[in-house]
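Dropping input04.cif in here (mmCIF, C-alpha atoms):
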data_upload
loop_
_atom_site.label_atom_id
_atom_site.label_comp_id
_atom_site.auth_asym_id
_atom_site.auth_seq_id
_atom_site.Cartn_x
_atom_site.Cartn_y
_atom_site.Cartn_z
CA MET W 19 -149.05 161.65 -1.48
CA SER W 20 -151.62 159.51 0.31
CA LEU W 21 -150.35 160.80 3.68
CA ARG W 22 -151.03 164.38 2.54
CA CYS W 23 -154.49 163.45 1.28
CA SER W 24 -155.46 161.57 4.43
CA SER W 25 -154.21 164.37 6.69
CA GLY W 26 -156.22 166.87 4.65
CA VAL W 27 -159.35 164.76 4.96
CA ALA W 28 -158.78 164.31 8.69
CA SER W 29 -158.36 168.03 9.32
CA SER W 30 -161.36 168.86 7.16
CA SER W 31 -163.54 166.31 8.94
CA ARG W 32 -162.59 167.81 12.31
CA ARG W 33 -163.83 171.19 11.14
CA HIS W 34 -167.03 170.05 9.43
CA ALA W 35 -168.15 166.88 11.23
CA PRO W 36 -170.12 167.18 14.47
CA HIS W 37 -168.14 166.27 17.59
CA ARG W 38 -169.51 163.19 19.35
CA GLY W 39 -166.86 162.78 21.99
CA PRO W 40 -164.50 159.84 22.26
CA ILE W 41 -165.73 156.68 20.54
CA CYS W 42 -163.22 154.26 22.03
CA GLY W 43 -165.89 152.91 24.38
CA ASP W 44 -167.90 151.67 21.39
CA PHE W 45 -164.92 149.97 19.78
CA ASP W 46 -164.83 146.17 20.05
CA LEU W 47 -161.10 145.75 20.71
CA PRO W 48 -161.23 142.04 21.74
CA GLY W 49 -163.21 141.17 18.61
CA THR W 50 -160.82 143.17 16.45
CA LEU W 51 -157.80 141.44 17.92
CA ALA W 52 -159.45 138.02 17.50
CA ILE W 53 -160.32 138.55 13.84
CA VAL W 54 -156.95 140.09 12.93
CA THR W 55 -154.94 137.36 14.65
CA GLY W 56 -157.26 134.60 13.40
CA LEU W 57 -157.12 135.68 9.77
CA GLY W 58 -153.41 136.53 10.03
CA THR W 59 -152.73 133.05 11.36
CA LEU W 60 -154.78 131.55 8.52
CA VAL W 61 -152.79 133.48 5.91
CA TYR W 62 -149.55 132.46 7.63
CA GLY W 63 -150.65 128.83 7.50
CA ILE W 64 -151.56 128.99 3.81
CA SER W 65 -148.31 130.72 2.89
CA GLY W 66 -146.32 128.12 4.84
CA THR W 67 -147.71 125.22 2.85
CA SER W 68 -145.20 125.83 0.06
CA THR W 69 -142.36 124.83 2.38
CA SER W 70 -144.05 122.62 4.98
CA GLY W 71 -146.75 120.95 2.90
CA TRP W 72 -150.49 120.74 3.58
CA ALA W 73 -150.35 117.69 5.85
CA SER W 74 -147.36 118.70 7.99
CA VAL W 75 -147.67 119.06 11.75
CA HIS W 76 -146.73 122.74 11.48
CA THR W 77 -149.47 123.52 8.95
CA ILE W 78 -152.14 121.59 10.85
CA ALA W 79 -151.15 123.31 14.11
CA VAL W 80 -151.35 126.77 12.49
CA PHE W 81 -154.74 126.00 10.91
CA THR W 82 -156.00 124.70 14.27
CA ALA W 83 -154.81 127.87 16.01
CA SER W 84 -156.56 129.95 13.36
CA ALA W 85 -159.81 127.99 13.80
CA VAL W 86 -159.63 128.44 17.59
CA LEU W 87 -159.06 132.20 17.23
CA LEU W 88 -162.00 132.52 14.83
CA LEU W 89 -164.23 130.52 17.21
CA VAL W 90 -163.15 132.87 20.00
CA LEU W 91 -164.21 135.72 17.70
CA LEU W 92 -167.70 134.22 17.40
CA LYS W 93 -168.00 133.91 21.18
CA LEU W 94 -166.75 137.46 21.70
CA GLU W 95 -169.11 138.89 19.09
CA ASN W 96 -172.12 137.18 20.70
CA ARG W 97 -171.27 138.81 24.04
CA ALA W 98 -170.06 142.24 22.85
CA ALA W 99 -172.21 145.31 23.50
CA GLU W 100 -171.18 146.77 20.11
CA PRO W 101 -170.02 143.83 17.96
CA LEU W 102 -168.07 144.36 14.75
CA SER W 103 -170.84 142.60 12.85
CA PRO W 104 -174.06 142.16 14.83
CA PRO W 105 -175.09 138.47 14.70
CA HIS W 106 -178.75 139.29 13.95
CA VAL W 107 -177.69 140.85 10.65
CA TRP W 108 -176.75 137.41 9.34
CA THR W 109 -180.34 136.19 9.69
CA LEU W 110 -181.37 138.44 6.78
CA GLN W 111 -181.77 136.12 3.79
CA SER W 112 -181.10 138.80 1.17
CA LEU W 113 -177.88 139.90 2.90
CA VAL W 114 -176.56 136.35 3.21
CA SER W 115 -177.39 135.40 -0.37
CA GLY W 116 -176.00 138.66 -1.73
CA THR W 117 -172.80 138.22 0.27
CA VAL W 118 -172.34 134.65 -0.98
CA VAL W 119 -172.91 135.71 -4.61
CA MET W 120 -170.51 138.65 -4.32
CA LEU W 121 -167.90 136.44 -2.64
CA GLY W 122 -168.12 134.03 -5.56
CA VAL W 123 -168.07 136.74 -8.22
CA SER W 124 -165.16 138.54 -6.54
CA GLY W 125 -163.22 135.29 -6.27
CA ILE W 126 -163.80 134.54 -9.95
CA LEU W 127 -162.88 138.05 -11.11
CA VAL W 128 -159.75 138.31 -8.95
CA GLY W 129 -158.67 134.80 -9.98
CA ALA W 130 -159.29 135.56 -13.65
CA GLU W 131 -157.35 138.82 -13.41
CA PHE W 132 -154.43 137.10 -11.67
CA LEU W 133 -154.29 134.17 -14.08
CA THR W 134 -154.76 136.38 -17.13
CA SER W 135 -151.90 138.63 -16.07
CA ILE W 136 -149.64 135.58 -15.69
CA TYR W 137 -150.84 134.29 -19.06
CA LEU W 138 -150.16 137.59 -20.82
CA GLN W 139 -146.68 137.87 -19.32
CA THR W 140 -145.49 134.28 -19.70
CA VAL W 141 -147.20 133.09 -22.88
CA HIS W 142 -147.46 136.33 -24.85
CA GLY W 143 -144.34 138.04 -23.47
CA TYR W 144 -146.06 141.18 -22.22
CA SER W 145 -144.10 143.38 -19.83
CA ALA W 146 -145.67 144.36 -16.52
CA LEU W 147 -146.55 147.77 -17.98
CA GLU W 148 -148.13 146.27 -21.10
CA THR W 149 -150.14 143.88 -18.93
CA GLY W 150 -151.35 146.75 -16.77
CA LEU W 151 -152.34 148.72 -19.85
CA ALA W 152 -154.16 145.68 -21.22
CA PHE W 153 -156.30 145.66 -18.07
CA LEU W 154 -157.35 149.32 -18.44
CA PRO W 155 -160.45 148.46 -20.53
CA PHE W 156 -161.44 146.00 -17.81
CA ALA W 157 -161.15 148.68 -15.11
CA PHE W 158 -163.00 151.18 -17.31
CA ALA W 159 -165.81 148.67 -17.93
CA LEU W 160 -166.16 148.04 -14.19
CA THR W 161 -166.38 151.76 -13.51
CA VAL W 162 -168.94 152.37 -16.26
CA GLY W 163 -170.95 149.31 -15.19
CA THR W 164 -171.08 150.57 -11.61
CA VAL W 165 -172.32 154.00 -12.66
CA VAL W 166 -174.91 152.54 -15.05
CA ALA W 167 -176.14 150.05 -12.44
CA LYS W 168 -176.52 152.85 -9.90
CA HIS W 169 -178.74 154.80 -12.27
CA LEU W 170 -180.71 151.71 -13.29
CA LEU W 171 -181.61 150.95 -9.67
CA ALA W 172 -184.31 153.61 -9.83
CA HIS W 173 -186.02 151.79 -12.72
CA VAL W 174 -185.04 148.09 -12.55
CA SER W 175 -184.97 145.53 -9.74
CA PRO W 176 -181.58 144.73 -8.14
CA LEU W 177 -182.03 141.07 -9.10
CA SER W 178 -182.34 142.01 -12.79
CA ILE W 179 -179.24 144.20 -12.61
CA ALA W 180 -177.25 141.44 -10.89
CA THR W 181 -178.43 138.88 -13.46
CA ILE W 182 -177.45 141.11 -16.37
CA GLY W 183 -174.07 141.85 -14.74
CA LEU W 184 -173.35 138.15 -14.23
CA LEU W 185 -174.41 137.38 -17.82
CA VAL W 186 -172.07 140.07 -19.16
CA THR W 187 -169.28 138.62 -16.98
CA VAL W 188 -169.89 135.12 -18.39
CA LEU W 189 -169.90 136.42 -21.97
CA ALA W 190 -166.74 138.46 -21.40
CA SER W 191 -165.02 135.46 -19.81
CA GLY W 192 -165.98 133.34 -22.80
CA TRP W 193 -164.56 135.98 -25.13
CA LEU W 194 -161.39 136.18 -23.01
CA SER W 195 -160.97 132.40 -23.23
CA ALA W 196 -160.84 132.71 -27.02
CA MET W 197 -157.51 134.59 -26.92
CA VAL W 198 -155.25 133.68 -29.80
CA GLY W 199 -151.99 135.14 -30.92
CA SER W 200 -148.27 134.83 -31.13
CA ALA W 201 -145.76 135.46 -28.40
CA SER W 202 -145.32 139.05 -29.59
CA ARG W 203 -148.94 140.13 -29.69
CA CYS W 204 -152.28 139.02 -28.39
CA VAL W 205 -155.54 139.54 -30.24
CA MET W 206 -159.09 138.77 -29.28
CA SER W 207 -161.01 136.80 -31.86
CA PRO W 208 -164.43 138.34 -32.63
CA ALA W 209 -166.21 135.29 -31.25
CA PRO W 210 -165.17 132.19 -29.32
CA GLY W 211 -163.85 129.55 -31.70
CA ALA W 212 -163.52 132.01 -34.61
#
Please re-express this file's structure in structure tokens.
Amino acid sequence: MSLRCSSGVASSSRRHAPHRGPICGDFDLPGTLAIVTGLGTLVYGISGTSTSGWASVHTIAVFTASAVLLLVLLKLENRAAEPLSPPHVWTLQSLVSGTVVMLGVSGILVGAEFLTSIYLQTVHGYSALETGLAFLPFAFALTVGTVVAKHLLAHVSPLSIATIGLLVTVLASGWLSAMVGSASRCVMSPAPGA
């Protein structure tokens, strides 16, 4: 299905998008190879800790190789004519602070989703399908929140929207932590501690 969709988009873009000629000259291949191999090596190192341990020679060697590859990436990006991420962009205070906040929020939300799915399946006996269905309100709330925030941007500052979004996330996490129930069903209490 996705192959049919992507081929349709590709053929449509050829007809409707202006032709600029080949763009391979603008592509930073060395930087791409450095980041892919560096991050791939890091993931390989983390996944190997379950068998080798964190302090093993193998794990330390893989982490060192990953660090070297990522340092090579930094050197390559400083010298590239068209870097993947121009270094001057990271001097923008609002971009750096927004990226750090979103990294934290994304980490918290992904971690909460992962741990909650394990909790629902192991403690409450949900099947994989039931767990997926239980997360539908979460996905719906994210979609609605995105649309509402987009429309609010014309009237409210981005900082206010981000603050309200983080507050709602904290309140929802508090409500989620108040889960009570038996192994056959899970209910949300109306308020934490109720």
For atom CA of Thr55 of chain W and atom CA of Leu89 of chain W, the interatomic separation in Å (one decimal):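 Between atom CA of Thr55 of chain W and atom CA of Leu89 of chain W the gap works out to 11.8 Å.
Using all atoms listed in the file, the smallest distance between any of W:Val107, W:Ser124, W:Ala52, W:Ala130 and Lys93 of chain W comes from W:Ala52.
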Neighbour list for Glu100 of chain W as a ChimeraX atom specification, cut-off 8 Å, only C-alpha atoms, skip fewer than 3 positions in-chain: /W:44-46,104
Atomic distance atom CA of Val80 of chain W - atom CA of Leu47 of chain W, expressed in Å with one decimal: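 So the two atoms, atom CA of Val80 of chain W and atom CA of Leu47 of chain W, lie 22.9 Å apart.
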Contacts of Thr77 of chain W at 10 Å (only C-alpha atoms; same-chain gap of 2+ positions) as number ranges by chain: W: 60, 62-67, 69-75, 79-83
Result set of the PyMOL selection byres ((chain W and resi 101) around 10) on the coordinates above, as a list in words: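 For this structure, the PyMOL selection byres ((chain W and resi 101) around 10) resolves to Asp44, Phe45, Asp46, Leu47, Pro48, Gly49, Thr50, Leu91, Leu92, Leu94, Glu95, Asn96, Arg97, Ala98, Ala99, Glu100, Leu102, Ser103, Pro104 and Pro105 of chain W.
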Store the residues picked out above, limited to C-alpha atoms, as a PDB file, in the coordinates of the input.
ATOM      1  CA  ASP W  44    -167.900 151.670  21.390  1.00  0.00           C
ATOM      2  CA  PHE W  45    -164.920 149.970  19.780  1.00  0.00           C
ATOM      3  CA  ASP W  46    -164.830 146.170  20.050  1.00  0.00           C
ATOM      4  CA  LEU W  47    -161.100 145.750  20.710  1.00  0.00           C
ATOM      5  CA  PRO W  48    -161.230 142.040  21.740  1.00  0.00           C
ATOM      6  CA  GLY W  49    -163.210 141.170  18.610  1.00  0.00           C
ATOM      7  CA  THR W  50    -160.820 143.170  16.450  1.00  0.00           C
ATOM      8  CA  LEU W  91    -164.210 135.720  17.700  1.00  0.00           C
ATOM      9  CA  LEU W  92    -167.700 134.220  17.400  1.00  0.00           C
ATOM     10  CA  LEU W  94    -166.750 137.460  21.700  1.00  0.00           C
ATOM     11  CA  GLU W  95    -169.110 138.890  19.090  1.00  0.00           C
ATOM     12  CA  ASN W  96    -172.120 137.180  20.700  1.00  0.00           C
ATOM     13  CA  ARG W  97    -171.270 138.810  24.040  1.00  0.00           C
ATOM     14  CA  ALA W  98    -170.060 142.240  22.850  1.00  0.00           C
ATOM     15  CA  ALA W  99    -172.210 145.310  23.500  1.00  0.00           C
ATOM     16  CA  GLU W 100    -171.180 146.770  20.110  1.00  0.00           C
ATOM     17  CA  LEU W 102    -168.070 144.360  14.750  1.00  0.00           C
ATOM     18  CA  SER W 103    -170.840 142.600  12.850  1.00  0.00           C
ATOM     19  CA  PRO W 104    -174.060 142.160  14.830  1.00  0.00           C
ATOM     20  CA  PRO W 105    -175.090 138.470  14.700  1.00  0.00           C
TER      21      PRO W 105
END
Interatomic distance (Å, one decimal) between atom CA of Tyr137 of chain W and atom CA of Thr164 of chain W: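 If I compute the distance from atom CA of Tyr137 of chain W to atom CA of Thr164 of chain W, I get 27.0 Å.
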Selected residue, from W:Leu177, W:Val188, W:Leu121, W:Leu194, that lies nearest to Phe153 of chain W when counting only C-alpha atoms: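 Counting only C-alpha atoms, the residue closest to Phe153 of chain W is W:Leu194.
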Residue IDs satisfying the PyMOL selection byres ((chain W and resi 127) around 12), as a ChimeraX atom specification: /W:120-126,128-134,156-157,160,184,187-188,190-191
Return the padded bounding box of segment 95-106 of chain W as JSON: axis-aligned, built from all atoms listed in the file, 5 Å added on each side, with centre and edge lengths in Å to one decimal.
{"center_x": -173.4, "center_y": 142.0, "center_z": 18.4, "size_x": 20.7, "size_y": 19.6, "size_z": 21.2}
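Of the residues under consideration (W:Val86, W:Ile136, W:Val119, W:Gly58), W:Val119 shows the shortest atom-to-atom contact distance to Gly183 of chain W when counting only C-alpha atoms.
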Best match for closeness to Ser112 of chain W among W:Ser84, W:Thr140, W:Thr149, W:Pro176, counting all atoms listed in the file: W:Pro176
